[in-house]
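Next up, query-v3.cif (mmCIF, C-alpha atoms and all ligand atoms):
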data_structure
loop_
_atom_site.label_atom_id
_atom_site.label_comp_id
_atom_site.auth_asym_id
_atom_site.auth_seq_id
_atom_site.Cartn_x
_atom_site.Cartn_y
_atom_site.Cartn_z
CA MET A 1367 76.80 -21.98 27.61
CA ASN A 1368 80.40 -22.22 28.65
CA SER A 1369 79.55 -23.72 31.96
CA ILE A 1370 77.30 -26.30 30.37
CA ASP A 1371 79.94 -27.25 27.88
CA ASN A 1372 82.46 -27.52 30.65
CA ASP A 1373 80.17 -29.79 32.59
CA GLU A 1374 79.70 -31.95 29.59
CA MET A 1375 83.39 -32.04 29.04
CA LYS A 1376 83.99 -32.78 32.67
CA SER A 1377 81.51 -35.62 32.67
CA THR A 1378 83.12 -37.14 29.63
CA VAL A 1379 86.52 -36.80 31.15
CA LEU A 1380 85.43 -38.17 34.49
CA ILE A 1381 83.91 -41.25 32.96
CA SER A 1382 87.09 -42.26 31.32
CA THR A 1383 88.35 -45.77 31.93
CA ASP A 1384 90.99 -44.76 34.35
CA GLN A 1385 88.67 -42.77 36.54
CA ILE A 1386 86.06 -45.45 36.65
CA GLN A 1387 88.65 -47.94 37.63
CA GLN A 1388 89.96 -45.70 40.36
CA GLN A 1389 86.59 -44.92 41.81
CA GLN A 1390 85.60 -46.85 44.88
CA GLU A 1391 81.94 -46.02 44.83
CA PRO A 1392 79.79 -47.73 42.25
CA ILE A 1393 78.63 -45.77 39.23
CA ILE A 1394 74.95 -46.11 38.63
CA ILE A 1395 73.77 -46.19 35.11
CA ASP A 1396 70.16 -45.89 34.31
CA LEU A 1397 69.86 -48.02 31.22
CA GLU A 1398 66.18 -47.39 30.78
CA ASN A 1399 66.75 -43.68 30.71
CA GLU A 1400 69.88 -43.65 28.67
CA SER A 1401 68.78 -46.07 26.04
CA THR A 1402 69.50 -43.89 23.06
CA SER A 1403 72.76 -43.80 21.25
CA THR A 1404 73.03 -40.08 22.04
CA SER A 1405 73.36 -40.78 25.73
CA PRO A 1406 76.72 -39.76 27.08
CA PHE A 1407 76.97 -42.98 29.02
CA ILE A 1408 76.05 -45.32 26.21
CA SER A 1409 78.01 -43.39 23.67
CA SER A 1410 81.09 -44.04 25.71
CA SER A 1411 82.24 -47.43 24.52
CA ILE A 1412 84.09 -47.84 27.78
CA LEU A 1413 80.96 -47.96 29.83
CA VAL A 1414 79.12 -50.52 27.80
CA ASN A 1415 82.08 -52.72 27.72
CA ASP A 1416 81.33 -55.71 29.93
CA ASN A 1417 84.85 -55.91 31.12
CA CYS A 1418 84.80 -52.39 32.32
CA ILE A 1419 81.56 -52.89 34.16
CA LYS A 1420 82.94 -55.88 35.90
CA LYS A 1421 86.21 -54.21 36.67
CA THR A 1422 84.71 -51.08 38.06
CA ASN A 1423 81.94 -52.76 39.96
CA GLN A 1424 79.23 -50.71 38.30
CA ILE A 1425 75.63 -51.26 39.14
CA ILE A 1426 73.24 -51.29 36.25
CA HIS A 1427 70.24 -49.58 37.61
CA VAL A 1428 66.88 -49.70 35.93
CA ALA A 1429 64.44 -47.87 38.19
CA SER A 1430 66.16 -44.68 39.18
CA SER A 1431 63.36 -43.53 41.48
CA GLU A 1432 64.10 -46.04 44.22
CA PRO A 1433 64.64 -44.16 47.44
CA SER A 1434 67.59 -46.31 48.42
CA SER A 1435 69.47 -45.30 45.33
CA SER A 1436 68.38 -41.69 45.05
CA LYS A 1437 71.13 -40.47 47.30
CA GLN A 1438 73.68 -42.17 45.17
CA ILE A 1439 72.09 -40.72 42.07
CA ASN A 1440 72.36 -37.28 43.57
CA ASN A 1441 75.99 -37.80 44.25
CA HIS A 1442 76.88 -39.05 40.89
CA ARG A 1443 74.45 -37.55 38.46
CA THR A 1444 75.57 -34.03 39.27
CA MET A 1445 78.13 -34.47 36.59
CA GLY A 1446 75.56 -35.87 34.24
CA TYR A 1447 73.76 -32.77 33.02
CA LEU A 1448 73.95 -32.46 29.28
CA SER A 1449 73.20 -29.31 27.39
CA ARG A 1450 71.97 -31.41 24.48
CA TRP A 1451 68.92 -32.29 26.57
CA GLU A 1452 67.83 -28.74 25.98
CA LYS A 1453 67.42 -29.64 22.32
CA GLU A 1454 65.07 -32.55 22.94
CA PRO A 1455 61.55 -31.81 21.65
CA GLU A 1456 60.02 -32.77 25.01
CA THR A 1457 61.91 -29.94 26.73
CA TYR A 1458 60.20 -27.35 24.60
CA TYR A 1459 57.08 -25.44 25.50
CA ARG A 1460 54.84 -23.42 23.23
CA THR A 1461 54.49 -19.69 23.63
CA MET A 1462 53.61 -16.65 21.55
CA ILE A 1463 56.02 -13.88 20.68
CA LEU A 1464 55.80 -10.68 18.67
CA ASN A 1465 57.89 -10.81 15.54
CA SER A 1466 59.80 -7.90 14.07
CA SER A 1467 56.71 -6.62 12.26
CA GLY A 1468 54.71 -6.63 15.50
CA GLU A 1469 52.65 -9.73 14.68
CA LEU A 1470 52.00 -12.46 17.20
CA GLN A 1471 53.50 -15.79 16.21
CA GLU A 1472 54.01 -19.13 17.92
CA SER A 1473 57.43 -19.94 19.21
CA ARG A 1474 58.95 -22.99 20.94
CA GLN A 1475 61.33 -22.46 23.79
CA CYS A 1476 63.15 -24.69 26.21
CA TRP A 1477 61.74 -25.02 29.72
CA LEU A 1478 64.62 -27.07 31.11
CA ARG A 1479 66.77 -25.13 33.54
CA LYS A 1480 69.90 -26.14 35.41
CA LYS A 1481 70.74 -24.96 38.91
CA GLN A 1482 74.10 -25.39 40.56
CA ASP A 1483 74.70 -24.71 44.24
CA GLU A 1484 77.91 -23.56 45.86
CA ASN A 1485 79.06 -27.17 46.30
CA GLY A 1486 78.71 -27.75 42.61
CA LYS A 1487 75.61 -29.90 43.00
CA ILE A 1488 73.42 -29.62 39.94
CA THR A 1489 69.66 -29.84 40.06
CA ILE A 1490 67.21 -29.18 37.29
CA GLY A 1491 63.85 -27.52 37.02
CA CYS A 1492 61.13 -26.30 34.73
CA PHE A 1493 60.83 -22.66 33.71
CA LEU A 1494 57.10 -23.02 33.06
CA CYS A 1495 56.27 -24.67 36.41
CA ASN A 1496 58.36 -22.00 38.09
CA LYS A 1497 56.75 -19.14 36.18
CA TYR A 1498 53.23 -20.23 37.06
CA GLN A 1499 54.24 -21.30 40.57
CA MET A 1500 53.10 -24.90 40.24
CA ILE A 1501 54.62 -25.58 43.63
CA LYS A 1502 52.52 -28.68 44.23
CA ASN A 1503 51.75 -31.53 41.91
CA ALA A 1504 48.21 -32.71 41.21
CA ASN A 1505 48.58 -35.34 43.95
CA GLY A 1506 49.38 -32.62 46.50
CA LYS A 1507 53.07 -33.44 46.74
CA ILE A 1508 55.79 -30.84 46.27
CA ASN A 1509 56.74 -30.27 42.66
CA PRO A 1510 60.53 -29.86 42.75
CA TRP A 1511 60.55 -28.81 39.10
CA ALA A 1512 58.91 -25.53 40.10
CA THR A 1513 61.82 -24.60 42.36
CA TYR A 1514 64.57 -26.00 40.15
CA ASP A 1515 65.26 -28.65 42.79
CA TYR A 1516 64.67 -31.83 40.83
CA SER A 1517 67.78 -33.87 41.47
CA VAL A 1518 67.49 -36.83 39.12
CA LEU A 1519 69.51 -35.92 36.08
CA ALA A 1520 67.93 -38.29 33.64
CA LEU A 1521 66.49 -37.66 30.24
CA ASN A 1522 63.53 -39.98 30.70
CA LYS A 1523 62.50 -38.05 33.81
CA ILE A 1524 62.78 -34.81 31.91
CA LYS A 1525 60.68 -36.20 29.07
CA GLU A 1526 58.17 -37.59 31.54
CA HIS A 1527 57.77 -34.18 33.13
CA GLY A 1528 57.30 -32.46 29.79
CA LEU A 1529 54.78 -34.97 28.49
CA TYR A 1530 52.78 -36.17 31.48
CA ASN A 1531 53.04 -33.86 34.49
CA GLU A 1532 49.55 -32.44 34.96
CA LYS A 1533 50.76 -29.23 36.52
CA HIS A 1534 53.24 -28.73 33.72
CA ILE A 1535 50.48 -29.17 31.15
CA GLU A 1536 48.37 -26.68 33.10
CA ALA A 1537 51.25 -24.20 33.09
CA GLN A 1538 51.61 -24.71 29.34
CA GLU A 1539 47.94 -23.82 28.84
CA LEU A 1540 48.27 -20.75 31.04
CA GLU A 1541 51.28 -19.65 29.06
CA LEU A 1542 49.47 -19.92 25.75
CA ASN A 1543 46.35 -18.25 27.12
CA SER A 1544 48.17 -15.29 28.54
CA LYS A 1545 50.48 -14.82 25.57
CA SER A 1546 47.92 -15.29 22.83
CA LYS A 1547 45.86 -12.39 24.14
CA ILE A 1548 47.52 -9.71 22.13
CA GLN A 1549 49.66 -7.95 24.64
CA PRO A 1550 50.71 -4.53 23.38
CA ASP A 1551 54.43 -3.98 23.30
CA TRP A 1552 56.08 -1.30 25.41
CA LYS A 1553 56.00 1.28 22.65
CA THR A 1554 52.26 0.82 22.11
CA THR A 1555 51.56 0.89 25.84
CA GLN A 1556 53.57 4.07 26.19
CA SER A 1557 51.77 5.75 23.33
CA MET A 1558 48.40 4.64 24.75
CA ILE A 1559 49.22 6.22 28.09
CA TYR A 1560 50.44 9.31 26.29
CA THR A 1561 47.18 9.46 24.38
CA LYS A 1562 45.23 9.12 27.64
CA HIS A 1563 47.20 12.01 29.08
CA GLN A 1564 46.64 14.03 25.92
CA GLN A 1565 42.94 13.22 26.09
CA SER A 1566 42.68 14.55 29.65
CA ILE A 1567 44.28 17.86 28.59
CA GLN A 1568 42.13 18.05 25.49
CA ASN A 1569 38.99 17.61 27.62
CA LEU A 1570 40.06 20.54 29.80
CA MET A 1571 40.52 22.66 26.66
CA PHE A 1572 37.12 21.64 25.31
CA THR A 1573 35.60 22.74 28.61
CA ALA A 1574 37.27 26.16 28.34
CA ILE A 1575 36.09 26.55 24.73
CA PHE A 1576 32.54 25.54 25.68
CA ILE A 1577 32.45 28.15 28.45
CA CYS A 1578 33.66 30.78 26.00
CA GLN A 1579 31.14 29.82 23.32
CA GLN A 1580 28.28 29.92 25.81
CA TYR A 1581 29.34 33.34 27.15
CA HIS A 1582 29.80 31.94 30.64
CA PRO A 1583 32.25 33.60 33.01
CA LEU A 1584 35.63 31.89 33.07
CA ASN A 1585 35.41 31.27 36.81
CA SER A 1586 32.71 28.70 36.13
CA PHE A 1587 35.49 26.57 34.61
CA GLU A 1588 36.39 24.87 37.89
CA PRO A 1589 32.88 23.76 38.94
CA LEU A 1590 32.22 22.56 35.39
CA CYS A 1591 35.41 20.50 35.52
CA ASP A 1592 34.35 19.00 38.85
CA LEU A 1593 30.97 18.08 37.43
CA GLN A 1594 32.51 16.45 34.40
CA GLU A 1595 34.87 14.45 36.56
CA LYS A 1596 31.91 13.21 38.60
CA ASN A 1597 30.28 12.19 35.35
CA GLY A 1598 33.30 10.08 34.51
CA VAL A 1599 35.03 12.37 32.04
CA ASN A 1600 38.79 11.88 32.06
CA LEU A 1601 40.34 15.22 33.01
CA LEU A 1602 43.83 16.22 34.01
CA PRO A 1603 44.09 15.95 37.82
CA ALA A 1604 43.16 19.14 39.65
CA GLU A 1605 46.77 19.59 40.65
CA VAL A 1606 49.81 18.37 38.73
CA SER A 1607 53.19 18.94 40.41
CA GLY A 1608 51.70 21.72 42.51
CA ILE A 1609 50.12 23.48 39.53
CA ASN A 1610 46.36 23.84 39.34
CA TYR A 1611 44.86 23.72 35.89
CA ARG A 1612 41.26 24.28 36.93
CA ASN A 1613 40.82 28.00 37.40
CA ASP A 1614 39.92 31.03 35.30
CA CYS A 1615 43.59 31.81 34.53
CA ALA A 1616 44.19 28.32 33.21
CA ALA A 1617 40.97 28.51 31.18
CA LEU A 1618 42.09 31.82 29.67
CA CYS A 1619 45.48 30.32 28.80
CA PHE A 1620 43.81 27.37 27.13
CA LEU A 1621 41.65 29.73 25.09
CA GLN A 1622 44.58 31.93 24.11
CA TYR A 1623 46.58 28.93 22.94
CA THR A 1624 43.61 27.55 21.05
CA ALA A 1625 43.01 30.94 19.43
CA ARG A 1626 46.66 31.20 18.45
CA ILE A 1627 46.63 27.82 16.75
CA LEU A 1628 43.37 28.60 14.97
CA HIS A 1629 44.82 31.91 13.82
CA GLN A 1630 47.95 30.19 12.49
CA GLU A 1631 45.84 27.72 10.57
CA LEU A 1632 43.77 30.54 9.12
CA VAL A 1633 46.86 32.50 8.08
CA GLU A 1634 48.16 29.45 6.21
CA LYS A 1635 44.88 29.25 4.33
CA LEU A 1636 44.86 32.99 3.62
CA ASN A 1637 48.36 32.78 2.20
CA GLN A 1638 47.29 29.95 -0.08
CA SER A 1639 44.16 31.71 -1.27
CA PRO A 1640 44.51 33.53 -4.63
CA ILE A 1641 42.32 36.44 -3.51
CA LEU A 1642 41.33 37.99 -0.21
CA GLY A 1643 38.53 40.11 1.13
CA TRP A 1644 38.05 41.78 4.50
CA LEU A 1645 35.03 42.64 6.61
CA ILE A 1646 35.78 45.30 9.19
CA ASP A 1647 33.67 46.98 11.81
CA GLU A 1648 34.36 49.13 14.77
CA SER A 1649 32.94 48.24 18.10
CA THR A 1650 32.93 49.64 21.57
CA SER A 1651 32.98 47.37 24.59
CA ARG A 1652 31.05 47.91 27.80
CA THR A 1653 34.09 49.58 29.23
CA CYS A 1654 34.02 51.98 26.24
CA GLU A 1655 37.16 50.41 24.79
CA LYS A 1656 37.32 50.95 21.06
CA SER A 1657 38.23 47.96 19.02
CA CYS A 1658 38.03 46.80 15.46
CA ILE A 1659 36.79 43.38 14.52
CA VAL A 1660 38.10 41.84 11.32
CA TYR A 1661 36.80 38.89 9.33
CA ALA A 1662 38.58 37.46 6.31
CA ARG A 1663 37.04 36.14 3.09
CA TYR A 1664 39.16 33.68 1.17
CA VAL A 1665 39.11 30.69 -1.15
CA ASP A 1666 39.96 27.32 0.35
CA ASN A 1667 39.89 24.25 -1.84
CA TYR A 1668 37.76 26.03 -4.46
CA GLU A 1669 35.30 27.07 -1.80
CA GLN A 1670 34.69 30.60 -0.55
CA LYS A 1671 34.93 30.92 3.21
CA THR A 1672 34.58 33.56 5.89
CA ASP A 1673 36.50 33.33 9.16
CA PHE A 1674 37.20 35.49 12.16
CA TYR A 1675 40.63 37.03 11.67
CA GLY A 1676 41.27 39.23 14.68
CA LEU A 1677 40.19 41.88 17.13
CA ILE A 1678 42.35 44.98 17.08
CA ASN A 1679 42.55 47.21 20.13
CA MET A 1680 42.27 50.78 18.88
CA ASN A 1681 43.59 52.24 22.10
CA GLY A 1682 40.86 54.85 22.03
CA ASP A 1683 41.85 56.15 18.60
CA GLY A 1684 39.21 55.26 16.02
CA THR A 1685 40.47 57.42 13.18
CA ALA A 1686 40.85 56.00 9.68
CA GLN A 1687 44.63 56.42 9.75
CA HIS A 1688 44.92 54.56 13.03
CA ILE A 1689 42.75 51.71 11.75
CA VAL A 1690 44.88 51.41 8.60
CA ASP A 1691 48.10 51.43 10.63
CA LYS A 1692 46.87 48.80 13.09
CA LEU A 1693 45.54 46.59 10.31
CA GLY A 1694 48.85 46.96 8.48
CA GLU A 1695 50.76 45.79 11.58
CA LEU A 1696 48.64 42.69 11.84
CA TRP A 1697 48.89 41.83 8.17
CA ASP A 1698 52.66 42.34 8.19
CA GLU A 1699 53.00 40.13 11.23
CA ASP A 1700 51.16 37.33 9.46
CA GLY A 1701 52.94 37.89 6.17
CA ILE A 1702 49.70 38.52 4.30
CA LYS A 1703 50.19 39.75 0.76
CA MET A 1704 47.92 42.76 0.47
CA LYS A 1705 48.14 42.76 -3.31
CA LYS A 1706 45.71 39.84 -3.22
CA THR A 1707 43.09 41.96 -1.46
CA CYS A 1708 40.35 42.97 -3.82
CA TRP A 1709 37.38 43.50 -1.59
CA LEU A 1710 36.48 45.34 1.58
CA ALA A 1711 33.19 45.43 3.45
CA THR A 1712 32.38 47.93 6.17
CA ASP A 1713 29.43 49.77 7.58
CA ASN A 1714 28.38 53.11 6.17
CA ALA A 1715 30.48 55.20 8.53
CA SER A 1716 32.54 57.84 6.76
CA THR A 1717 35.61 56.62 8.66
CA PHE A 1718 35.59 53.67 6.27
CA THR A 1719 33.81 54.97 3.21
CA GLY A 1720 35.22 58.49 3.00
CA ILE A 1721 36.32 59.10 -0.61
CA HIS A 1722 39.63 60.70 0.28
CA ASN A 1723 40.36 59.88 3.88
CA GLY A 1724 38.29 56.77 4.54
CA VAL A 1725 39.97 53.45 5.43
CA ALA A 1726 39.29 52.05 1.94
CA ALA A 1727 40.87 55.06 0.23
CA LYS A 1728 43.91 54.93 2.50
CA LEU A 1729 44.39 51.21 1.91
CA LYS A 1730 44.27 51.73 -1.85
CA LYS A 1731 46.99 54.33 -1.58
CA LYS A 1732 49.17 52.48 0.93
CA TYR A 1733 49.24 49.12 -0.85
CA GLY A 1734 48.70 50.27 -4.42
CA ILE A 1735 45.48 48.32 -4.76
CA ASP A 1736 43.32 50.55 -6.93
CA TYR A 1737 41.14 47.60 -7.78
CA LEU A 1738 39.89 47.35 -4.19
CA GLU A 1739 36.13 47.25 -4.22
CA LEU A 1740 34.19 48.59 -1.29
CA ASN A 1741 30.81 47.23 -0.31
CA THR A 1742 28.87 48.62 2.55
CA CYS A 1743 27.26 46.06 4.76
CA ALA A 1744 23.72 45.13 3.75
CA ALA A 1745 22.71 44.47 7.35
CA HIS A 1746 23.98 47.85 8.45
CA SER A 1747 22.24 49.56 5.53
CA PHE A 1748 19.00 47.73 6.22
CA ALA A 1749 19.20 48.72 9.87
CA LEU A 1750 19.63 52.35 8.79
CA VAL A 1751 16.57 52.11 6.53
CA GLY A 1752 14.55 50.68 9.40
CA SER A 1753 15.83 53.29 11.76
CA HIS A 1754 14.89 56.13 9.39
CA ALA A 1755 11.52 54.56 8.65
CA GLY A 1756 10.65 54.72 12.32
CA LYS A 1757 10.97 58.48 12.39
CA GLU A 1758 8.43 61.20 11.75
CA LEU A 1759 8.38 64.95 11.44
CA VAL A 1760 7.80 66.73 14.68
CA GLY A 1761 5.13 68.80 12.90
CA ASP A 1762 5.95 72.19 14.34
CA GLY A 1763 7.22 73.48 11.02
CA THR A 1764 10.88 73.15 12.00
CA ASN A 1765 11.49 70.00 9.90
CA ARG A 1766 12.88 68.25 12.96
CA VAL A 1767 12.40 64.48 13.13
CA ARG A 1768 11.72 62.23 16.05
CA THR A 1769 11.16 58.52 16.60
CA ARG A 1770 7.53 57.59 16.22
CA GLU A 1771 5.88 57.05 19.55
CA ASP A 1772 4.87 53.41 18.95
CA VAL A 1773 8.38 52.55 17.67
CA ALA A 1774 9.94 54.28 20.67
CA GLN A 1775 7.61 52.28 22.92
CA PHE A 1776 8.56 49.08 21.10
CA GLU A 1777 12.27 49.83 21.41
CA SER A 1778 11.96 50.58 25.11
CA ASN A 1779 10.09 47.31 25.58
CA LEU A 1780 12.93 45.47 23.83
CA GLY A 1781 15.36 47.15 26.20
ZN ZN B 1801 56.98 -27.98 34.21
#

Render the structure in this file as structure tokens.
Amino acid sequence: MNSIDNDEMKSTVLISTDQIQQQQEPIIIDLENESTSTSPFISSSILVNDNCIKKTNQIIHVASSEPSSSKQINNHRTMGYLSRWEKEPETYYRTMILNSSGELQESRQCWLRKKQDENGKITIGCFLCNKYQMIKNANGKINPWATYDYSVLALNKIKEHGLYNEKHIEAQELELNSKSKIQPDWKTTQSMIYTKHQQSIQNLMFTAIFICQQYHPLNSFEPLCDLQEKNGVNLLPAEVSGINYRNDCAALCFLQYTARILHQELVEKLNQSPILGWLIDESTSRTCEKSCIVYARYVDNYEQKTDFYGLINMNGDGTAQHIVDKLGELWDEDGIKMKKTCWLATDNASTFTGIHNGVAAKLKKKYGIDYLELNTCAAHSFALVGSHAGKELVGDGTNRVRTREDVAQFESNLG
């Protein structure tokens, strides 16, 4: 702004009476262009004074576009740029901007631009024509407004460009079209990309969970990922910064993290529940590893629910004391209040049901929960009934029992 003001000042100073009188070259005034009282030339009483005009040999020029005079215009109008032109309604173009609340609203901005070369020569141009590279006019001729090289510093020419130049009008339409399509701001774009990235990781995790749920080996993770990618599913690239996320190790990590989060969520619910119950059973894996599987019963939002709580490695020791100790460690770790426990369900094994040394009895003693109720599992009991029903006496007077032949055959057929 300073430079513009200086120019304006300079032009006013330069066109003082003394200077005009001293100048040898004629001053050209475009009366048609500067017909308003706001014009710097007209506003100067010195210039419209007939005496002055006569004295200084000024030429009153009407058509500024004459080639013979254009050179002179260039020479003398360099001082004639006025920053107030930038406030003329014709120098405004319409655009859309996002306001502080993120809504798109119309805004008017000035397209007039001033360019000054190293010799101080000022030319003007149009921001819109430049932005949309309207290098040529509709008639095929060069559009100097697009390169800020228009040299006639005259308001009427500026207004003419803003109102009638076809290429300018075209640029104005392009501006409105491109801006009115709601362009997301940087923050939104960033969050969208972040979400896309998140989505690709989430898809990898879903794949790992699917494999786990379907009892597929974890090394089928990679081919399943490849297939999904071929089907257009957005997945994290096979390698990110030299790290591969599509192998059995990665799948296991995904599952472990997922399990940890699920466990945390469950613990929160258990701690909010007024009462708790536990379903426990021992199991032996194919590799003969003893473990104990635990399910929790709780109340969530007035609804009774059952969820997988954990799998405890018994380290080969399946005694009641060891089970109680291991369970205690897990409950302590999660900050579960055992006083809330009022129910336990197990199979019929004496390890759990033993009156004095069973798990239930030991838990009652350890946590002071005499009100703990023990239910043996109906499915286990029913299986026992079925198992006993399939037996018969050997019949040799020894009271030994054996599995009935047809049941044995049936069981062997089942494998
Ligand atoms: Zn333009």

* To do: Using atom CA of Asn1509 of chain A and atom CA of Arg1450 of chain A as the two end points, give the distance in Å to one decimal.
  => 23.7 Å

* For ligand ZN 1801 (chain B), collect every residue having any atom at a distance of at most 9 Å from a ligand atom (counting only C-alpha atoms and all ligand atoms); output as a count of residues only. => 22

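Residue nearest Asp1647 of chain A, chosen from A:Thr1742, A:Ser1566, A:Gln1594, A:Asn1585 and counting all atoms listed in the file: A:Thr1742.
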
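Comparing the minimum interatomic distances between Tyr1675 of chain A and each of A:Leu1470, A:Val1633, A:Ile1689, A:Ala1711, counting only C-alpha atoms, we find that A:Val1633 sits nearest.
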
* To do: Work out how far apart atom CA of Leu1519 of chain A and atom CA of Arg1460 of chain A are and give it in Å to one decimal.
  => 23.2 Å

Which residues, written as a PDB file with C-alpha atoms, in the frame of the given file, have at least one atom at most 8 Å from Ile1641 of chain A, with all atoms listed in the file counted and residues fewer than 5 positions away on the same chain left out?
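The resulting file, selection_17.pdb, is reproduced below:
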ATOM      1  CA  TYR A1664      39.160  33.680   1.170  1.00  0.00           C
ATOM      2  CA  VAL A1665      39.110  30.690  -1.150  1.00  0.00           C
ATOM      3  CA  LYS A1706      45.710  39.840  -3.220  1.00  0.00           C
ATOM      4  CA  THR A1707      43.090  41.960  -1.460  1.00  0.00           C
ATOM      5  CA  CYS A1708      40.350  42.970  -3.820  1.00  0.00           C
TER       6      CYS A1708
END

* Taking the point (39.6, 27.1, 29.1) as given in the file, collect each protein or nucleic acid residue that comes within 7 Å of it, counting all atoms listed in the file, and present the set as a PyMOL selection string. => chain A and resi 1570-1571+1573-1575+1587+1616-1621

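The gap separating atom CA of Val1660 of chain A from atom CA of Glu1695 of chain A is 13.3 Å, in Å to one decimal.
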
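Compared by their closest atoms to Ala1749 of chain A, and using only C-alpha atoms, the residues A:Thr1624, A:Lys1692, A:Asn1714, A:Lys1481 rank with A:Asn1714 nearest.
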
* Structure fact -> Using all atoms listed in the file, the shortest atom-to-atom distance to Ser1657 of chain A among A:Val1773, A:Leu1693, A:Leu1632, A:Gln1622 belongs to A:Leu1693
